[in-house]
file protein21.txt (compact mmCIF, N, CA and C atoms)
# COMPACT_ATOMS: atom_id res chain seq x y z
N MET A 523 -18.27 7.92 -7.39
CA MET A 523 -18.85 8.95 -8.23
C MET A 523 -20.19 9.41 -7.65
N GLU A 524 -20.99 8.44 -7.18
CA GLU A 524 -22.30 8.77 -6.63
C GLU A 524 -22.18 9.66 -5.40
N MET A 525 -21.18 9.37 -4.56
CA MET A 525 -20.96 10.17 -3.35
C MET A 525 -20.60 11.62 -3.71
N LYS A 526 -19.73 11.79 -4.70
CA LYS A 526 -19.33 13.13 -5.13
C LYS A 526 -20.52 13.89 -5.71
N LYS A 527 -21.38 13.18 -6.44
CA LYS A 527 -22.57 13.80 -7.04
C LYS A 527 -23.54 14.26 -5.96
N LEU A 528 -23.84 13.37 -5.00
CA LEU A 528 -24.77 13.73 -3.92
C LEU A 528 -24.24 14.87 -3.07
N ALA A 529 -22.94 14.84 -2.77
CA ALA A 529 -22.35 15.91 -1.97
C ALA A 529 -22.39 17.24 -2.72
N GLY A 530 -22.18 17.20 -4.03
CA GLY A 530 -22.25 18.42 -4.84
C GLY A 530 -23.66 19.00 -4.85
N GLU A 531 -24.67 18.13 -4.98
CA GLU A 531 -26.06 18.58 -4.95
C GLU A 531 -26.40 19.21 -3.60
N LEU A 532 -25.96 18.58 -2.52
CA LEU A 532 -26.24 19.10 -1.19
C LEU A 532 -25.56 20.45 -0.98
N ALA A 533 -24.31 20.57 -1.39
CA ALA A 533 -23.59 21.84 -1.24
C ALA A 533 -24.28 22.95 -2.03
N PHE A 534 -24.79 22.63 -3.22
CA PHE A 534 -25.50 23.61 -4.03
C PHE A 534 -26.80 24.05 -3.34
N LYS A 535 -27.57 23.07 -2.84
CA LYS A 535 -28.84 23.39 -2.17
C LYS A 535 -28.64 24.17 -0.89
N LEU A 536 -27.51 23.97 -0.23
CA LEU A 536 -27.22 24.70 1.01
C LEU A 536 -26.57 26.05 0.73
N GLY A 537 -26.35 26.37 -0.55
CA GLY A 537 -25.76 27.64 -0.92
C GLY A 537 -24.25 27.69 -0.74
N ARG A 538 -23.58 26.56 -0.63
CA ARG A 538 -22.13 26.51 -0.43
C ARG A 538 -21.38 26.45 -1.77
N ARG A 539 -22.12 26.18 -2.86
CA ARG A 539 -21.53 26.13 -4.20
C ARG A 539 -22.43 26.88 -5.17
N LYS A 540 -21.83 27.46 -6.21
CA LYS A 540 -22.60 28.20 -7.20
C LYS A 540 -23.13 27.29 -8.29
N ARG A 541 -22.50 26.12 -8.47
CA ARG A 541 -22.91 25.19 -9.53
C ARG A 541 -23.36 23.87 -8.92
N ASP A 542 -24.33 23.24 -9.60
CA ASP A 542 -24.82 21.93 -9.16
C ASP A 542 -24.04 20.85 -9.92
N LYS A 543 -22.77 20.67 -9.54
CA LYS A 543 -21.91 19.67 -10.18
C LYS A 543 -21.28 18.81 -9.10
N PRO A 544 -20.84 17.59 -9.48
CA PRO A 544 -20.19 16.73 -8.49
C PRO A 544 -18.93 17.37 -7.91
N LEU A 545 -18.62 17.04 -6.67
CA LEU A 545 -17.40 17.51 -6.05
C LEU A 545 -16.21 16.74 -6.60
N SER A 546 -15.01 17.17 -6.29
CA SER A 546 -13.79 16.59 -6.86
C SER A 546 -13.32 15.36 -6.08
N ASN A 547 -12.38 14.64 -6.69
CA ASN A 547 -11.73 13.51 -6.00
C ASN A 547 -10.99 14.00 -4.77
N CYS A 548 -10.42 15.20 -4.85
CA CYS A 548 -9.70 15.78 -3.72
C CYS A 548 -10.65 15.92 -2.52
N TRP A 549 -11.87 16.40 -2.76
CA TRP A 549 -12.85 16.51 -1.68
C TRP A 549 -13.17 15.13 -1.12
N LEU A 550 -13.40 14.14 -2.02
CA LEU A 550 -13.77 12.79 -1.58
C LEU A 550 -12.67 12.19 -0.69
N TYR A 551 -11.40 12.29 -1.11
CA TYR A 551 -10.31 11.73 -0.31
C TYR A 551 -10.19 12.45 1.03
N GLY A 552 -10.41 13.76 1.04
CA GLY A 552 -10.39 14.50 2.30
C GLY A 552 -11.52 14.07 3.22
N PHE A 553 -12.71 13.89 2.66
CA PHE A 553 -13.87 13.43 3.43
C PHE A 553 -13.60 12.06 4.04
N LEU A 554 -13.11 11.12 3.21
CA LEU A 554 -12.81 9.78 3.72
C LEU A 554 -11.71 9.82 4.77
N GLY A 555 -10.74 10.72 4.60
CA GLY A 555 -9.67 10.85 5.60
C GLY A 555 -10.20 11.35 6.93
N ARG A 556 -11.15 12.29 6.89
CA ARG A 556 -11.72 12.81 8.14
C ARG A 556 -12.58 11.77 8.84
N TRP A 557 -13.15 10.84 8.11
CA TRP A 557 -14.04 9.83 8.67
C TRP A 557 -13.43 8.42 8.60
N ARG A 558 -12.10 8.31 8.54
CA ARG A 558 -11.46 7.01 8.32
C ARG A 558 -11.78 5.98 9.40
N GLU A 559 -12.11 6.43 10.59
CA GLU A 559 -12.45 5.50 11.68
C GLU A 559 -13.82 4.85 11.48
N ARG A 560 -14.69 5.52 10.72
CA ARG A 560 -16.06 5.03 10.59
C ARG A 560 -16.47 4.62 9.18
N LEU A 561 -15.71 5.05 8.16
CA LEU A 561 -16.05 4.75 6.78
C LEU A 561 -14.86 4.15 6.05
N SER A 562 -15.16 3.35 5.03
CA SER A 562 -14.11 2.84 4.16
C SER A 562 -14.72 2.56 2.79
N THR A 563 -13.88 2.48 1.77
CA THR A 563 -14.37 2.09 0.45
C THR A 563 -14.09 0.61 0.29
N LEU A 564 -15.07 -0.11 -0.22
CA LEU A 564 -14.92 -1.54 -0.41
C LEU A 564 -15.85 -2.02 -1.49
N LYS A 565 -15.58 -3.22 -1.98
CA LYS A 565 -16.45 -3.83 -2.98
C LYS A 565 -17.47 -4.70 -2.27
N PRO A 566 -18.76 -4.52 -2.56
CA PRO A 566 -19.76 -5.39 -1.95
C PRO A 566 -19.69 -6.78 -2.56
N SER A 567 -19.99 -7.80 -1.78
CA SER A 567 -20.02 -9.15 -2.32
C SER A 567 -21.32 -9.35 -3.08
N ALA A 568 -21.27 -10.20 -4.09
CA ALA A 568 -22.44 -10.45 -4.92
C ALA A 568 -23.44 -11.29 -4.15
N LEU A 569 -24.69 -10.93 -4.24
CA LEU A 569 -25.77 -11.69 -3.60
C LEU A 569 -26.90 -11.80 -4.62
N ASP A 570 -27.18 -13.01 -5.07
CA ASP A 570 -28.23 -13.25 -6.05
C ASP A 570 -29.55 -12.68 -5.55
N SER A 571 -30.34 -12.12 -6.46
CA SER A 571 -31.60 -11.46 -6.07
C SER A 571 -32.57 -12.43 -5.39
N ASN A 572 -32.62 -13.69 -5.82
CA ASN A 572 -33.51 -14.67 -5.17
C ASN A 572 -33.05 -14.94 -3.74
N ARG A 573 -31.75 -15.04 -3.55
CA ARG A 573 -31.23 -15.30 -2.22
C ARG A 573 -31.48 -14.09 -1.31
N ALA A 574 -31.35 -12.88 -1.86
CA ALA A 574 -31.58 -11.67 -1.07
C ALA A 574 -33.02 -11.60 -0.58
N LYS A 575 -33.98 -12.00 -1.42
CA LYS A 575 -35.40 -11.95 -1.03
C LYS A 575 -35.74 -12.99 0.02
N ASN A 576 -35.06 -14.15 -0.03
CA ASN A 576 -35.41 -15.25 0.86
C ASN A 576 -34.54 -15.36 2.10
N THR A 577 -33.55 -14.52 2.26
CA THR A 577 -32.69 -14.55 3.44
C THR A 577 -33.20 -13.49 4.42
N THR A 578 -34.22 -13.84 5.14
CA THR A 578 -34.81 -12.95 6.13
C THR A 578 -34.44 -13.45 7.52
N PRO A 579 -34.52 -12.61 8.54
CA PRO A 579 -34.27 -13.09 9.91
C PRO A 579 -35.17 -14.26 10.29
N GLU A 580 -36.41 -14.23 9.82
CA GLU A 580 -37.35 -15.32 10.14
C GLU A 580 -36.90 -16.64 9.51
N ALA A 581 -36.44 -16.59 8.24
CA ALA A 581 -35.98 -17.80 7.56
C ALA A 581 -34.75 -18.38 8.24
N VAL A 582 -33.82 -17.53 8.65
CA VAL A 582 -32.61 -17.99 9.33
C VAL A 582 -32.97 -18.60 10.69
N GLN A 583 -33.89 -17.96 11.42
CA GLN A 583 -34.32 -18.48 12.72
C GLN A 583 -34.99 -19.85 12.54
N THR A 584 -35.82 -20.00 11.53
CA THR A 584 -36.49 -21.28 11.26
C THR A 584 -35.46 -22.35 10.94
N TYR A 585 -34.44 -22.00 10.15
CA TYR A 585 -33.39 -22.97 9.80
C TYR A 585 -32.71 -23.50 11.06
N PHE A 586 -32.28 -22.61 11.94
CA PHE A 586 -31.56 -23.06 13.14
C PHE A 586 -32.47 -23.80 14.11
N HIS A 587 -33.74 -23.45 14.15
CA HIS A 587 -34.70 -24.19 14.97
C HIS A 587 -34.83 -25.62 14.46
N ASN A 588 -34.97 -25.77 13.14
CA ASN A 588 -35.08 -27.11 12.54
C ASN A 588 -33.78 -27.90 12.72
N LEU A 589 -32.63 -27.23 12.62
CA LEU A 589 -31.35 -27.91 12.81
C LEU A 589 -31.24 -28.45 14.23
N LYS A 590 -31.60 -27.65 15.22
CA LYS A 590 -31.53 -28.10 16.61
C LYS A 590 -32.46 -29.28 16.84
N ASN A 591 -33.68 -29.22 16.30
CA ASN A 591 -34.62 -30.34 16.45
C ASN A 591 -34.06 -31.62 15.83
N THR A 592 -33.44 -31.52 14.67
CA THR A 592 -32.87 -32.70 14.01
C THR A 592 -31.71 -33.27 14.81
N ILE A 593 -30.82 -32.42 15.30
CA ILE A 593 -29.69 -32.89 16.11
C ILE A 593 -30.19 -33.58 17.38
N ASP A 594 -31.21 -33.01 18.02
CA ASP A 594 -31.77 -33.62 19.23
C ASP A 594 -32.45 -34.95 18.91
N THR A 595 -33.23 -35.00 17.85
CA THR A 595 -33.96 -36.21 17.49
C THR A 595 -33.01 -37.36 17.15
N LEU A 596 -31.92 -37.07 16.46
CA LEU A 596 -30.99 -38.11 16.03
C LEU A 596 -29.83 -38.33 17.02
N HIS A 597 -29.88 -37.63 18.16
CA HIS A 597 -28.87 -37.77 19.22
C HIS A 597 -27.45 -37.53 18.68
N LEU A 598 -27.26 -36.39 18.02
CA LEU A 598 -25.97 -36.07 17.42
C LEU A 598 -25.19 -34.99 18.19
N GLU A 599 -25.65 -34.65 19.40
CA GLU A 599 -25.01 -33.58 20.16
C GLU A 599 -23.52 -33.82 20.35
N ASN A 600 -23.10 -35.06 20.60
CA ASN A 600 -21.70 -35.38 20.87
C ASN A 600 -21.07 -36.18 19.73
N ARG A 601 -21.58 -36.04 18.53
CA ARG A 601 -21.06 -36.77 17.36
C ARG A 601 -20.75 -35.82 16.21
N PRO A 602 -19.75 -34.93 16.39
CA PRO A 602 -19.43 -33.99 15.31
C PRO A 602 -18.96 -34.68 14.03
N ASP A 603 -18.46 -35.93 14.16
CA ASP A 603 -18.02 -36.66 12.98
C ASP A 603 -19.18 -37.10 12.09
N LEU A 604 -20.41 -37.03 12.62
CA LEU A 604 -21.60 -37.42 11.84
C LEU A 604 -22.43 -36.22 11.38
N ILE A 605 -21.98 -35.00 11.69
CA ILE A 605 -22.70 -33.79 11.28
C ILE A 605 -21.94 -33.16 10.12
N PHE A 606 -22.53 -33.23 8.93
CA PHE A 606 -21.89 -32.71 7.73
C PHE A 606 -22.60 -31.47 7.22
N ASN A 607 -21.83 -30.63 6.58
CA ASN A 607 -22.38 -29.45 5.92
C ASN A 607 -21.88 -29.44 4.49
N MET A 608 -22.81 -29.36 3.55
CA MET A 608 -22.45 -29.29 2.15
C MET A 608 -22.95 -27.95 1.63
N ASP A 609 -22.12 -27.29 0.83
CA ASP A 609 -22.53 -26.01 0.26
C ASP A 609 -22.19 -25.98 -1.21
N GLU A 610 -23.04 -25.32 -1.94
CA GLU A 610 -22.86 -25.16 -3.37
C GLU A 610 -22.80 -23.66 -3.65
N THR A 611 -21.85 -23.25 -4.45
CA THR A 611 -21.76 -21.84 -4.79
C THR A 611 -21.45 -21.71 -6.27
N GLY A 612 -21.94 -20.66 -6.85
CA GLY A 612 -21.68 -20.40 -8.26
C GLY A 612 -20.59 -19.36 -8.40
N ILE A 613 -19.64 -19.62 -9.27
CA ILE A 613 -18.56 -18.68 -9.54
C ILE A 613 -18.84 -18.06 -10.89
N SER A 614 -19.12 -16.77 -10.89
CA SER A 614 -19.45 -16.06 -12.12
C SER A 614 -18.28 -15.18 -12.53
N PRO A 615 -17.79 -15.32 -13.76
CA PRO A 615 -16.64 -14.52 -14.17
C PRO A 615 -16.99 -13.09 -14.56
N GLU A 616 -18.27 -12.75 -14.66
CA GLU A 616 -18.66 -11.45 -15.20
C GLU A 616 -19.01 -10.39 -14.17
N HIS A 617 -19.34 -10.75 -12.94
CA HIS A 617 -19.81 -9.75 -11.97
C HIS A 617 -18.66 -8.94 -11.40
N ARG A 618 -18.74 -7.63 -11.54
CA ARG A 618 -17.74 -6.72 -10.99
C ARG A 618 -18.45 -5.55 -10.32
N PRO A 619 -18.86 -5.69 -9.05
CA PRO A 619 -19.55 -4.57 -8.40
C PRO A 619 -18.61 -3.40 -8.19
N PRO A 620 -19.13 -2.17 -8.24
CA PRO A 620 -18.28 -1.00 -8.03
C PRO A 620 -17.93 -0.83 -6.55
N ASN A 621 -16.87 -0.07 -6.29
CA ASN A 621 -16.54 0.26 -4.90
C ASN A 621 -17.62 1.17 -4.35
N ILE A 622 -17.93 1.01 -3.07
CA ILE A 622 -18.91 1.86 -2.40
C ILE A 622 -18.31 2.36 -1.10
N ILE A 623 -18.95 3.35 -0.52
CA ILE A 623 -18.53 3.87 0.78
C ILE A 623 -19.52 3.36 1.82
N ALA A 624 -19.01 2.71 2.85
CA ALA A 624 -19.88 2.10 3.86
C ALA A 624 -19.19 2.17 5.21
N PRO A 625 -19.96 1.98 6.30
CA PRO A 625 -19.33 1.92 7.62
C PRO A 625 -18.27 0.83 7.66
N SER A 626 -17.18 1.08 8.36
CA SER A 626 -16.04 0.16 8.39
C SER A 626 -16.39 -1.21 8.94
N ASN A 627 -17.37 -1.29 9.82
CA ASN A 627 -17.70 -2.57 10.47
C ASN A 627 -18.76 -3.37 9.73
N GLU A 628 -19.14 -2.98 8.51
CA GLU A 628 -20.17 -3.69 7.77
C GLU A 628 -19.61 -4.34 6.52
N LYS A 629 -20.26 -5.41 6.05
CA LYS A 629 -19.90 -6.08 4.80
C LYS A 629 -21.13 -6.03 3.90
N PRO A 630 -21.24 -5.00 3.06
CA PRO A 630 -22.43 -4.86 2.22
C PRO A 630 -22.46 -5.88 1.08
N HIS A 631 -23.64 -6.08 0.52
CA HIS A 631 -23.84 -6.99 -0.60
C HIS A 631 -24.34 -6.22 -1.80
N SER A 632 -24.03 -6.71 -2.97
CA SER A 632 -24.52 -6.13 -4.22
C SER A 632 -25.43 -7.18 -4.84
N VAL A 633 -26.73 -6.90 -4.95
CA VAL A 633 -27.68 -7.84 -5.51
C VAL A 633 -27.49 -7.88 -7.01
N THR A 634 -27.35 -9.10 -7.57
CA THR A 634 -27.09 -9.27 -8.99
C THR A 634 -28.15 -10.15 -9.62
N SER A 635 -28.19 -10.16 -10.93
CA SER A 635 -29.11 -11.06 -11.63
C SER A 635 -28.31 -12.26 -12.13
N PRO A 636 -28.90 -13.45 -12.01
CA PRO A 636 -28.18 -14.66 -12.41
C PRO A 636 -28.29 -14.91 -13.92
N ARG A 637 -27.61 -14.10 -14.75
CA ARG A 637 -27.79 -14.25 -16.19
C ARG A 637 -26.57 -14.80 -16.91
N SER A 638 -25.39 -14.83 -16.28
CA SER A 638 -24.21 -15.33 -16.96
C SER A 638 -23.98 -16.79 -16.61
N ALA A 639 -23.22 -17.46 -17.45
CA ALA A 639 -22.87 -18.86 -17.19
C ALA A 639 -21.97 -18.93 -15.97
N THR A 640 -22.25 -19.84 -15.08
CA THR A 640 -21.45 -19.95 -13.87
C THR A 640 -20.83 -21.34 -13.77
N THR A 641 -19.74 -21.41 -13.05
CA THR A 641 -19.13 -22.69 -12.68
C THR A 641 -19.58 -22.96 -11.26
N THR A 642 -20.07 -24.17 -11.01
CA THR A 642 -20.57 -24.52 -9.69
C THR A 642 -19.47 -25.24 -8.91
N LEU A 643 -19.32 -24.85 -7.65
CA LEU A 643 -18.36 -25.48 -6.74
C LEU A 643 -19.14 -26.07 -5.58
N ILE A 644 -18.91 -27.36 -5.31
CA ILE A 644 -19.57 -28.03 -4.20
C ILE A 644 -18.50 -28.46 -3.20
N ALA A 645 -18.70 -28.08 -1.94
CA ALA A 645 -17.75 -28.43 -0.88
C ALA A 645 -18.51 -29.08 0.27
N CYS A 646 -17.85 -29.99 0.99
CA CYS A 646 -18.50 -30.69 2.09
C CYS A 646 -17.48 -30.98 3.19
N ALA A 647 -17.89 -30.72 4.44
CA ALA A 647 -17.03 -30.99 5.60
C ALA A 647 -17.90 -31.36 6.79
N ASN A 648 -17.31 -32.05 7.75
CA ASN A 648 -18.09 -32.36 8.95
C ASN A 648 -17.66 -31.48 10.11
N ALA A 649 -18.41 -31.53 11.20
CA ALA A 649 -18.17 -30.65 12.35
C ALA A 649 -16.89 -31.00 13.09
N ALA A 650 -16.30 -32.17 12.82
CA ALA A 650 -15.04 -32.56 13.45
C ALA A 650 -13.84 -32.03 12.66
N GLY A 651 -14.08 -31.47 11.48
CA GLY A 651 -13.01 -30.87 10.70
C GLY A 651 -12.57 -31.66 9.48
N SER A 652 -13.13 -32.84 9.27
CA SER A 652 -12.78 -33.62 8.07
C SER A 652 -13.54 -33.07 6.88
N ASN A 653 -12.95 -33.21 5.69
CA ASN A 653 -13.64 -32.76 4.49
C ASN A 653 -13.36 -33.67 3.32
N ILE A 654 -14.15 -33.51 2.29
CA ILE A 654 -13.90 -34.24 1.05
C ILE A 654 -13.43 -33.23 0.02
N PRO A 655 -12.70 -33.66 -1.02
CA PRO A 655 -12.21 -32.71 -2.02
C PRO A 655 -13.38 -31.96 -2.68
N PRO A 656 -13.14 -30.71 -3.10
CA PRO A 656 -14.20 -29.94 -3.75
C PRO A 656 -14.58 -30.56 -5.10
N TYR A 657 -15.80 -30.32 -5.51
CA TYR A 657 -16.32 -30.85 -6.77
C TYR A 657 -16.74 -29.67 -7.63
N PHE A 658 -16.21 -29.59 -8.85
CA PHE A 658 -16.53 -28.50 -9.77
C PHE A 658 -17.48 -28.99 -10.85
N VAL A 659 -18.47 -28.19 -11.19
CA VAL A 659 -19.39 -28.50 -12.28
C VAL A 659 -19.29 -27.36 -13.29
N PHE A 660 -18.76 -27.68 -14.47
CA PHE A 660 -18.58 -26.66 -15.51
C PHE A 660 -19.76 -26.73 -16.48
N LYS A 661 -19.99 -25.64 -17.20
CA LYS A 661 -21.06 -25.58 -18.17
C LYS A 661 -20.80 -26.65 -19.23
N GLY A 662 -21.86 -27.42 -19.54
CA GLY A 662 -21.73 -28.49 -20.51
C GLY A 662 -22.16 -28.08 -21.90
N GLU A 663 -21.93 -28.96 -22.82
CA GLU A 663 -22.37 -28.76 -24.20
C GLU A 663 -23.78 -29.31 -24.36
N VAL A 664 -24.58 -28.64 -25.15
CA VAL A 664 -25.96 -29.09 -25.38
C VAL A 664 -26.03 -29.87 -26.66

call {"tool": "encode", "arguments": {"input": "protein21.txt", "output": "C-alpha cells"}}
result
Amino acid sequence: MEMKKLAGELAFKLGRRKRDKPLSNCWLYGFLGRWRERLSTLKPSALDSNRAKNTTPEAVQTYFHNLKNTIDTLHLENRPDLIFNMDETGISPEHRPPNIIAPSNEKPHSVTSPRSATTTLIACANAAGSNIPPYFVFKGEV
C-alpha cells in the first residue's frame, strides 16, 4: 500500500496524474514484473528494538575477536567437540509484519517492541555437530 501511495504522489508531482491518489494494484504488479530480477515482496523478520540498537558492525567484530582469543587461549582449534554454541530465542505469537518490497538479494528486518508474552526456546550444539534436545520455557503462573 505504501509503495502505491508514494508512486501516486510522485506521478502527481511530475504531472503524470491529475489526482494525488495511490496507484492501483494493476500498476504495482506491472512494476514488480518489470523489476522481478531486482525486487521481490517478502515479510521482514522480527528484530527486537534492543537487539537492533546493539547489533553494530563494531559489536560483531568485538565478539569474533574475543571468540578467537578464547579459542587460542584454551587451545581449542582442533577440538570442535568442546566448542558449544547455545542460543535462546523468543517465539511471539502476535507479531505479523506486513509484506514489503525490497531488493531480491536482501533479508530485511522489522523492528518490534517486546510487549507480548513469549515462549522461550533454548538450543545447544557443538562444532562437531552433536546437539542436545531443545528446551522450551513457557509463561508461568504468578

call {"tool": "select_by_dssp", "arguments": {"input": "protein21.txt", "residues": "chain A", "states": "helix (DSSP H, G or I)", "output": "number ranges by chain"}}
result
A: 524-535, 547-556, 571-576, 579-595, 602-604

call {"tool": "atom_distance", "arguments": {"input": "protein21.txt", "atom1": "atom C of Gly530 of chain A", "atom2": "atom N of Leu550 of chain A"}}
result
11.7 Å

call {"tool": "residues_around", "arguments": {"input": "protein21.txt", "residues": "Asn648 of chain A", "least_positions_apart": "3", "cutoff": "8 Å", "atoms": "only C-alpha atoms", "output": "NGL selection string"}}
result
:A and (602-607 or 651-653)

call {"tool": "write_last_selection", "arguments": {"input": "protein21.txt", "atoms": "N, CA and C atoms", "output": "PDB file, in the frame of the given file"}}
result
ATOM      1  N   PRO A 602     -19.750 -34.930  16.390  1.00  0.00           N
ATOM      2  CA  PRO A 602     -19.430 -33.990  15.310  1.00  0.00           C
ATOM      3  C   PRO A 602     -18.960 -34.680  14.030  1.00  0.00           C
ATOM      4  N   ASP A 603     -18.460 -35.930  14.160  1.00  0.00           N
ATOM      5  CA  ASP A 603     -18.020 -36.660  12.980  1.00  0.00           C
ATOM      6  C   ASP A 603     -19.180 -37.100  12.090  1.00  0.00           C
ATOM      7  N   LEU A 604     -20.410 -37.030  12.620  1.00  0.00           N
ATOM      8  CA  LEU A 604     -21.600 -37.420  11.840  1.00  0.00           C
ATOM      9  C   LEU A 604     -22.430 -36.220  11.380  1.00  0.00           C
ATOM     10  N   ILE A 605     -21.980 -35.000  11.690  1.00  0.00           N
ATOM     11  CA  ILE A 605     -22.700 -33.790  11.280  1.00  0.00           C
ATOM     12  C   ILE A 605     -21.940 -33.160  10.120  1.00  0.00           C
ATOM     13  N   PHE A 606     -22.530 -33.230   8.930  1.00  0.00           N
ATOM     14  CA  PHE A 606     -21.890 -32.710   7.730  1.00  0.00           C
ATOM     15  C   PHE A 606     -22.600 -31.470   7.220  1.00  0.00           C
ATOM     16  N   ASN A 607     -21.830 -30.630   6.580  1.00  0.00           N
ATOM     17  CA  ASN A 607     -22.380 -29.450   5.920  1.00  0.00           C
ATOM     18  C   ASN A 607     -21.880 -29.440   4.490  1.00  0.00           C
ATOM     19  N   GLY A 651     -14.080 -31.470  11.480  1.00  0.00           N
ATOM     20  CA  GLY A 651     -13.010 -30.870  10.700  1.00  0.00           C
ATOM     21  C   GLY A 651     -12.570 -31.660   9.480  1.00  0.00           C
ATOM     22  N   SER A 652     -13.130 -32.840   9.270  1.00  0.00           N
ATOM     23  CA  SER A 652     -12.780 -33.620   8.070  1.00  0.00           C
ATOM     24  C   SER A 652     -13.540 -33.070   6.880  1.00  0.00           C
ATOM     25  N   ASN A 653     -12.950 -33.210   5.690  1.00  0.00           N
ATOM     26  CA  ASN A 653     -13.640 -32.760   4.490  1.00  0.00           C
ATOM     27  C   ASN A 653     -13.360 -33.670   3.320  1.00  0.00           C
TER      28      ASN A 653
END

call {"tool": "residues_around", "arguments": {"input": "protein21.txt", "residues": "Ser614 of chain A", "least_positions_apart": "5", "cutoff": "6 Å", "atoms": "all atoms listed in the file", "output": "list in words"}}
result
Ala639, Thr640 and Thr641 of chain A

call {"tool": "residues_around", "arguments": {"input": "protein21.txt", "residues": "Leu564 of chain A", "least_positions_apart": "4", "cutoff": "6 Å", "atoms": "only N, CA and C atoms", "output": "list in words"}}
result
Pro620, Asn621, Ile622, Ile623 and Ala624 of chain A

call {"tool": "atom_distance", "arguments": {"input": "protein21.txt", "atom1": "atom CA of Lys629 of chain A", "atom2": "atom CA of Pro566 of chain A"}}
result
6.8 Å

call {"tool": "build_atoms", "arguments": {"input": "protein21.txt", "residues": "segment 619-625 of chain A", "atoms": "all heavy atoms", "output": "short mmCIF file (atom, residue, chain, number, x, y, z; two decimals), keeping the file's coordinate frame"}}
result
data_model
loop_
_atom_site.label_atom_id
_atom_site.label_comp_id
_atom_site.auth_asym_id
_atom_site.auth_seq_id
_atom_site.Cartn_x
_atom_site.Cartn_y
_atom_site.Cartn_z
N PRO A 619 -18.86 -5.69 -9.05
CA PRO A 619 -19.55 -4.57 -8.40
C PRO A 619 -18.61 -3.40 -8.19
O PRO A 619 -17.40 -3.59 -7.99
CB PRO A 619 -20.02 -5.15 -7.07
CG PRO A 619 -19.09 -6.28 -6.82
CD PRO A 619 -18.69 -6.82 -8.16
N PRO A 620 -19.13 -2.17 -8.24
CA PRO A 620 -18.28 -1.00 -8.03
C PRO A 620 -17.93 -0.83 -6.55
O PRO A 620 -18.60 -1.37 -5.68
CB PRO A 620 -19.18 0.15 -8.49
CG PRO A 620 -20.56 -0.35 -8.22
CD PRO A 620 -20.52 -1.83 -8.49
N ASN A 621 -16.87 -0.07 -6.29
CA ASN A 621 -16.54 0.26 -4.90
C ASN A 621 -17.62 1.17 -4.35
O ASN A 621 -18.18 2.00 -5.07
CB ASN A 621 -15.21 0.99 -4.82
CG ASN A 621 -14.04 0.04 -4.89
OD1 ASN A 621 -14.22 -1.14 -5.08
ND2 ASN A 621 -12.85 0.57 -4.76
N ILE A 622 -17.93 1.01 -3.07
CA ILE A 622 -18.91 1.86 -2.40
C ILE A 622 -18.31 2.36 -1.10
O ILE A 622 -17.30 1.83 -0.63
CB ILE A 622 -20.23 1.11 -2.14
CG1 ILE A 622 -20.01 -0.07 -1.18
CG2 ILE A 622 -20.88 0.66 -3.42
CD1 ILE A 622 -21.29 -0.65 -0.66
N ILE A 623 -18.95 3.35 -0.52
CA ILE A 623 -18.53 3.87 0.78
C ILE A 623 -19.52 3.36 1.82
O ILE A 623 -20.73 3.53 1.66
CB ILE A 623 -18.50 5.41 0.77
CG1 ILE A 623 -17.47 5.88 -0.26
CG2 ILE A 623 -18.19 5.95 2.16
CD1 ILE A 623 -17.49 7.37 -0.49
N ALA A 624 -19.01 2.71 2.85
CA ALA A 624 -19.88 2.10 3.86
C ALA A 624 -19.19 2.17 5.21
O ALA A 624 -17.98 2.38 5.29
CB ALA A 624 -20.15 0.64 3.48
N PRO A 625 -19.96 1.98 6.30
CA PRO A 625 -19.33 1.92 7.62
C PRO A 625 -18.27 0.83 7.66
O PRO A 625 -18.42 -0.23 7.05
CB PRO A 625 -20.50 1.58 8.55
CG PRO A 625 -21.70 2.09 7.84
CD PRO A 625 -21.41 1.88 6.37
#
